[in-house]
Each structure stands twice: as C-alpha cells, then as structure tokens.
Amino acid sequence: MLEINAGNSISSITKLLATHFSDEKKEIWFRGHSDYSWKLEPIIFRENYDEAGMYEEFIRRFPEHSHNHKNVFEWLTLMQHYGLPTRLLDWSENLLVALFFCCNDEKFKRKNGAVFAFIPKLDELSLLGAFDNVLDRDSDAKLLEPLITSTTKEDFCNEVFKLLSSEKFNVPKDIKINDLKLTEENKPSIIKAGTFKLSSKNTKNHPLFSWFYPYKPSYKNPRIRQQHGCFTFHGGKFFDEKEFIPMRKMEEKAKSLIKIKITPANKKSILEELKLLGITEATLFPEMEYQAKHIKELYKYD
C-alpha cells in the first residue's frame with residue numbers, strides 16, 4: 001500500500017488519483033476514515049462479538065426478508081445496513097462519498113483522516129472460480145457460510161469437511177487440510193488442530209477462508225444506491241478469542257491500494273466543497289430520520 005499526502009481541494013485529490021492510476025482502466029473503489037490510524041478491518045475483528053449468535057438472531061427476528069435475501073452475503077449486507085457488526089467493509093464507487101465520511105465527523109475534526117482508493121479485482125478467484133460467480137450460485141456461496149455460522153472449531157471443521165467432500169462443489173481431488181487428506185480417519189486430527197490451512201498440489205495454504213473478496217450487492221435498499229455502495233467480504237475466524245484462521249490484511253496489497261492523508265485544515269475546506277456539490281448527510285442517507293434532521297437545520301432561525 002502506498003501512502004500519499006493530499007492537497008487542500010477535491011481537484012488536487014482527483015489529479016493525484018489520475019497520476020497514480022494513469023495506466024489503469026479499471027474502476028476504483030473508495031473508503032473514508034475520520035482517523036488516519038484506523039485499519040481496513042471489519043468491526044467483527046475489532047471487538048468481541050458472538051458472530052454466529054447475531055446472525056441467527058437477526059434472521060429469526062426478520063423472517064419477512066427471507067424471500068429476497070437468499071444467502072449469507074445478502075443477509076450480512078442487510079445486517080450491515082442496520083448497524084450490526086459484520087465481516088463486511090463498506091466501499092463506494094464515488095470518491096465524494098468517501099471524502100464526506102472522512103471529513104464530516106465532528107469528533108475527529110482535529111485528527112488526520114484518510115481516503116483509501118482501491119482497484120477491486122472482481123474476478124478474484126476463490127476455490128470454485130470467479131468470486132462473483134460463486135455469489136450468483138446460492139449453493140456455492142454456502143461454502144463460506146461456516147465462517148459466519150459456526151460457534152466452535154468442531155462445528156466449523158465438520159461443516160467445511162462435509163462441503164469440501166460434496167460432489168456438487170468442483171473442489172480439487174487432492175485438497176488437504178493441514179496437510180491431511182479429507183478422510184474420516186483424519187477428521188479428529190483436523191478438528192483438534194490450532195490452525196486451519198487448505199492446500200492442494202498446485203497451491204500452498206489456499207486463502208479461500210482468509211482472503212478478502214470485493215463484491216457488488218444488488219441495490220436492495222436506497223442507502224446503498226445513494227452511496228454507490230459496494231463491499232469487501234473478509235475471511236478469518238476466531239474461536240475463544242484465539243485466531244484459528246488468519247485474516248489477510250488489505251494493507252498488504254501494494255499496487256492496487258493507496259491511502260491518502262487528509263489533514264484537519266483540509267477536512268474543513270473539502271467539506272465546504274462537498275456541500276456545494278450537493279454531497280450532504282441528507283443526500284447520502286435517504287431514510288426519514290436524516291431527512292427530518294436536514295429539514296430542521298434548514299428552517300432553524302439564526
């Protein structure tokens with residue numbers, strides 16, 4: 001990851017991006033942080049939550065959404081929308097949206113902020129092929145569900161063992177876990193292991209369950225549409241606060257990710273520019289409570 005200091009205007013930032021990505025014709029995703037020190041790490045890995053418990057309870061309480069939320073990714077998107085901790089990170093295809101989130105928070109107005117620019121590889125391969133294709137097939141998406149739904153190492157290993165052994169998945173025949181073949185005899189050793197690593201003849205420690213995957217959700221709620229929203233889904237798993245599967249750090253992506261520093265002085269000027277361009281809380285959050293807040297501000301006497 002390359003770290004760069006920005007200028008004091010939106011145009012200086014766009015020029016910087018044009019220079020850095022001059023040879024790239026692919027789309028760029030953006031994310032804004034109010035505090036420069038924050039990492040690209042989903043909330044579920046920053047704090048201690050029962051991920052499986054939250055996921056199951058959310059689905060139990062909102063069964064009416066099951067008709068248009070078919071797999072784990074769609075449910076996580078809905079959970080993210082309502083503020084529950086998930087293994088998703090929000091990104092936007094719109095630089096102005098990321099700048100707003102970087103500059104708008106009053107609590108961090110004296111802190112350096114950051115805007116990340118990321119070239120997503122939407123054809124990033126999982127064990128089953130292009131990741132977007134995996135998401136389109138509900139049965140294939142189930143292969144990653146144990147990351148969210150399992151409560152113990154035994155649950156996780158049992159479920160993954162069953163899925164990898166299933167004929168419906170086009171998994172390499174020589175796939176191994178912790179260098180052990182997927183046999184009933186090896187199952188206890190795999191479950192008892194302190195770590196979980198996939199490998200095959202052509203790959204060493206396949207990152208299927210560790211990697212981060214960019215994907216574009218369907219616009220099933222107005223906020224995602226307004227904010228040009230997209231996500232990265234992050235692998236990794238902890239049991240009893242101990243790392244069982246490591247989470248790959250996005251910051252290690254050297255060429256496809258840059259981090260732009262926004263100073264406190266520049267936050268203020270950029271926020272004024274954004275307002276002139278029509279980028280405000282009211283335009284990014286279409287829900288009624290945000291519209292009501294904006295109306296109150298417009299009609300308050302000085």
# chains A, B, ... in the order shown; residues from 1 in each chain; ligands from 1
>>> residues_around(residues="segment 107-124 of chain A", least_positions_apart="5", cutoff="9 Å", atoms="only C-alpha atoms", output="number ranges by chain")
A: 17, 24, 26-38, 95, 98-99, 101-102, 129-133, 213-216, 232, 255-265, 267-268
>>> select_by_dssp(residues="segment 56-100 of chain A", states="strand (DSSP E)", output="ChimeraX atom specification")
/A:88-92
>>> atom_distance(atom1="atom CA of Pro85 of chain A", atom2="atom CA of Glu47 of chain A")
8.8 Å
>>> closest_residue(among="A:Arg87, A:Lys192, A:Arg46, A:Arg248", to="Lys153 of chain A", atoms="only C-alpha atoms")
A:Lys192
>>> residues_around(residues="Glu273 of chain A", least_positions_apart="6", cutoff="12 Å", atoms="only C-alpha atoms", output="mmCIF file with N, CA and C atoms, in the first residue's frame")
data_model
loop_
_atom_site.group_PDB
_atom_site.id
_atom_site.type_symbol
_atom_site.label_atom_id
_atom_site.label_comp_id
_atom_site.auth_asym_id
_atom_site.auth_seq_id
_atom_site.Cartn_x
_atom_site.Cartn_y
_atom_site.Cartn_z
ATOM 1 N N ASN A 8 -5.297 20.463 -0.742
ATOM 2 C CA ASN A 8 -6.351 21.057 0.081
ATOM 3 C C ASN A 8 -7.686 21.178 -0.642
ATOM 4 N N SER A 9 -7.837 20.479 -1.763
ATOM 5 C CA SER A 9 -9.087 20.564 -2.524
ATOM 6 C C SER A 9 -9.407 19.218 -3.167
ATOM 7 N N ILE A 10 -10.658 19.088 -3.577
ATOM 8 C CA ILE A 10 -11.084 17.852 -4.238
ATOM 9 C C ILE A 10 -10.355 17.684 -5.571
ATOM 10 N N SER A 11 -10.161 18.791 -6.289
ATOM 11 C CA SER A 11 -9.489 18.695 -7.586
ATOM 12 C C SER A 11 -8.046 18.216 -7.438
ATOM 13 N N LEU A 96 -16.484 11.234 -3.817
ATOM 14 C CA LEU A 96 -17.078 12.274 -2.970
ATOM 15 C C LEU A 96 -17.733 11.684 -1.728
ATOM 16 N N LEU A 99 -14.936 10.951 0.725
ATOM 17 C CA LEU A 99 -14.439 12.205 1.300
ATOM 18 C C LEU A 99 -15.395 12.725 2.370
ATOM 19 N N PHE A 100 -16.682 12.577 2.141
ATOM 20 C CA PHE A 100 -17.665 13.025 3.136
ATOM 21 C C PHE A 100 -17.479 12.269 4.450
ATOM 22 N N CYS A 103 -14.371 13.447 6.309
ATOM 23 C CA CYS A 103 -14.296 14.825 6.811
ATOM 24 C C CYS A 103 -15.449 15.246 7.716
ATOM 25 N N ASN A 266 -7.599 20.695 5.914
ATOM 26 C CA ASN A 266 -8.176 20.363 4.611
ATOM 27 C C ASN A 266 -9.552 19.718 4.731
ATOM 28 N N LYS A 267 -9.811 19.070 5.855
ATOM 29 C CA LYS A 267 -11.147 18.493 6.075
ATOM 30 C C LYS A 267 -12.215 19.579 5.964
ATOM 31 N N ILE A 279 -23.235 17.115 -1.805
ATOM 32 C CA ILE A 279 -22.938 15.918 -1.017
ATOM 33 C C ILE A 279 -23.087 16.278 0.463
ATOM 34 N N THR A 280 -24.204 15.876 1.043
ATOM 35 C CA THR A 280 -24.500 16.140 2.450
ATOM 36 C C THR A 280 -25.055 14.878 3.087
#
>>> residues_around(residues="Asp240 of chain A", least_positions_apart="6", cutoff="12 Å", atoms="only C-alpha atoms", output="list in words")
Asn48, Tyr49, Asp50, Glu51, Thr151, Thr152, Lys153 and Gly194 of chain A
>>> write_last_selection(atoms="C-alpha atoms", output="short mmCIF file (atom, residue, chain, number, x, y, z; two decimals), in the first residue's frame")
data_model
loop_
_atom_site.label_atom_id
_atom_site.label_comp_id
_atom_site.auth_asym_id
_atom_site.auth_seq_id
_atom_site.Cartn_x
_atom_site.Cartn_y
_atom_site.Cartn_z
CA ASN A 48 -15.55 -9.38 20.74
CA TYR A 49 -18.95 -10.49 19.41
CA ASP A 50 -20.77 -13.77 19.01
CA GLU A 51 -20.97 -13.58 15.22
CA THR A 151 -19.69 -21.50 17.02
CA THR A 152 -16.82 -23.93 17.66
CA LYS A 153 -13.80 -25.29 15.79
CA GLY A 194 -4.90 -24.99 16.41
#
>>> closest_residue(among="A:Phe233, A:Phe58, A:Phe238, A:Phe244", to="Ile190 of chain A", atoms="only C-alpha atoms")
A:Phe244
>>> atom_distance(atom1="atom CA of Gln80 of chain A", atom2="atom CA of Pro246 of chain A")
22.1 Å
>>> select_by_dssp(residues="segment 50-200 of chain A", states="helix (DSSP H, G or I)", output="MDAnalysis selection string")
chainID A and resid 51:61 63:65 72:81 95:103 106:108 131:136 138:144 146:149 153:165 187:192
>>> write_last_selection(atoms="C-alpha atoms", output="PDB file, in the first residue's frame")
ATOM      1  CA  GLU A  51     -20.967 -13.576  15.221  1.00  0.00           C
ATOM      2  CA  ALA A  52     -22.999 -16.754  14.754  1.00  0.00           C
ATOM      3  CA  GLY A  53     -25.435 -15.754  17.502  1.00  0.00           C
ATOM      4  CA  MET A  54     -26.069 -12.315  15.978  1.00  0.00           C
ATOM      5  CA  TYR A  55     -26.547 -13.782  12.510  1.00  0.00           C
ATOM      6  CA  GLU A  56     -29.079 -16.389  13.657  1.00  0.00           C
ATOM      7  CA  GLU A  57     -30.965 -13.943  15.883  1.00  0.00           C
ATOM      8  CA  PHE A  58     -31.228 -11.357  13.116  1.00  0.00           C
ATOM      9  CA  ILE A  59     -32.705 -13.887  10.691  1.00  0.00           C
ATOM     10  CA  ARG A  60     -35.091 -15.147  13.406  1.00  0.00           C
ATOM     11  CA  ARG A  61     -36.390 -11.638  14.096  1.00  0.00           C
ATOM     12  CA  PRO A  63     -38.154 -13.670   8.577  1.00  0.00           C
ATOM     13  CA  GLU A  64     -40.063 -11.379   6.192  1.00  0.00           C
ATOM     14  CA  HIS A  65     -36.738 -10.587   4.476  1.00  0.00           C
ATOM     15  CA  VAL A  72     -25.172 -15.317   3.750  1.00  0.00           C
ATOM     16  CA  PHE A  73     -23.813 -12.333   1.784  1.00  0.00           C
ATOM     17  CA  GLU A  74     -27.242 -10.802   1.275  1.00  0.00           C
ATOM     18  CA  TRP A  75     -28.103 -11.244   4.955  1.00  0.00           C
ATOM     19  CA  LEU A  76     -24.777  -9.689   6.015  1.00  0.00           C
ATOM     20  CA  THR A  77     -25.454  -6.717   3.745  1.00  0.00           C
ATOM     21  CA  LEU A  78     -28.793  -6.175   5.496  1.00  0.00           C
ATOM     22  CA  MET A  79     -27.185  -6.549   8.934  1.00  0.00           C
ATOM     23  CA  GLN A  80     -24.503  -4.036   7.955  1.00  0.00           C
ATOM     24  CA  HIS A  81     -27.210  -1.594   6.845  1.00  0.00           C
ATOM     25  CA  LEU A  95     -14.859   9.478  -4.346  1.00  0.00           C
ATOM     26  CA  LEU A  96     -17.078  12.274  -2.970  1.00  0.00           C
ATOM     27  CA  VAL A  97     -18.914   9.837  -0.710  1.00  0.00           C
ATOM     28  CA  ALA A  98     -15.630   8.614   0.790  1.00  0.00           C
ATOM     29  CA  LEU A  99     -14.439  12.205   1.300  1.00  0.00           C
ATOM     30  CA  PHE A 100     -17.665  13.025   3.136  1.00  0.00           C
ATOM     31  CA  PHE A 101     -17.193  10.159   5.595  1.00  0.00           C
ATOM     32  CA  CYS A 102     -13.563  11.155   6.079  1.00  0.00           C
ATOM     33  CA  CYS A 103     -14.296  14.825   6.811  1.00  0.00           C
ATOM     34  CA  GLU A 106     -17.099  16.483  14.374  1.00  0.00           C
ATOM     35  CA  LYS A 107     -15.477  14.207  16.977  1.00  0.00           C
ATOM     36  CA  PHE A 108     -12.457  13.747  14.690  1.00  0.00           C
ATOM     37  CA  PHE A 131     -15.952 -14.922  -6.757  1.00  0.00           C
ATOM     38  CA  ASP A 132     -18.858 -13.002  -8.294  1.00  0.00           C
ATOM     39  CA  ASN A 133     -19.933 -16.230  -9.979  1.00  0.00           C
ATOM     40  CA  VAL A 134     -19.801 -18.004  -6.632  1.00  0.00           C
ATOM     41  CA  LEU A 135     -22.125 -15.371  -5.160  1.00  0.00           C
ATOM     42  CA  ASP A 136     -24.561 -15.866  -8.017  1.00  0.00           C
ATOM     43  CA  ASP A 138     -26.513 -19.897  -3.675  1.00  0.00           C
ATOM     44  CA  SER A 139     -25.243 -23.454  -3.273  1.00  0.00           C
ATOM     45  CA  ASP A 140     -21.629 -22.385  -3.853  1.00  0.00           C
ATOM     46  CA  ALA A 141     -21.955 -19.400  -1.524  1.00  0.00           C
ATOM     47  CA  LYS A 142     -22.683 -21.896   1.245  1.00  0.00           C
ATOM     48  CA  LEU A 143     -19.044 -22.939   1.211  1.00  0.00           C
ATOM     49  CA  LEU A 144     -18.155 -19.718   3.054  1.00  0.00           C
ATOM     50  CA  PRO A 146     -19.307 -21.706   8.188  1.00  0.00           C
ATOM     51  CA  LEU A 147     -17.116 -18.624   8.708  1.00  0.00           C
ATOM     52  CA  ILE A 148     -20.223 -16.862   9.998  1.00  0.00           C
ATOM     53  CA  THR A 149     -22.438 -19.617  11.361  1.00  0.00           C
ATOM     54  CA  LYS A 153     -13.800 -25.291  15.791  1.00  0.00           C
ATOM     55  CA  GLU A 154     -15.526 -28.660  15.669  1.00  0.00           C
ATOM     56  CA  ASP A 155     -18.657 -27.154  14.092  1.00  0.00           C
ATOM     57  CA  PHE A 156     -16.561 -25.307  11.532  1.00  0.00           C
ATOM     58  CA  CYS A 157     -14.414 -28.293  10.582  1.00  0.00           C
ATOM     59  CA  ASN A 158     -17.371 -30.673  10.404  1.00  0.00           C
ATOM     60  CA  GLU A 159     -19.290 -28.358   8.107  1.00  0.00           C
ATOM     61  CA  VAL A 160     -16.330 -27.496   5.866  1.00  0.00           C
ATOM     62  CA  PHE A 161     -15.319 -31.164   5.718  1.00  0.00           C
ATOM     63  CA  LYS A 162     -18.824 -32.049   4.545  1.00  0.00           C
ATOM     64  CA  LEU A 163     -18.944 -29.240   1.975  1.00  0.00           C
ATOM     65  CA  LEU A 164     -15.493 -29.900   0.521  1.00  0.00           C
ATOM     66  CA  SER A 165     -16.339 -33.577   0.210  1.00  0.00           C
ATOM     67  CA  LYS A 187     -11.083 -35.822  10.810  1.00  0.00           C
ATOM     68  CA  PRO A 188     -10.289 -35.817  14.588  1.00  0.00           C
ATOM     69  CA  SER A 189      -6.755 -34.523  13.950  1.00  0.00           C
ATOM     70  CA  ILE A 190      -8.073 -31.770  11.692  1.00  0.00           C
ATOM     71  CA  ILE A 191     -10.626 -30.671  14.302  1.00  0.00           C
ATOM     72  CA  LYS A 192      -8.094 -30.627  17.137  1.00  0.00           C
TER      73      LYS A 192
END
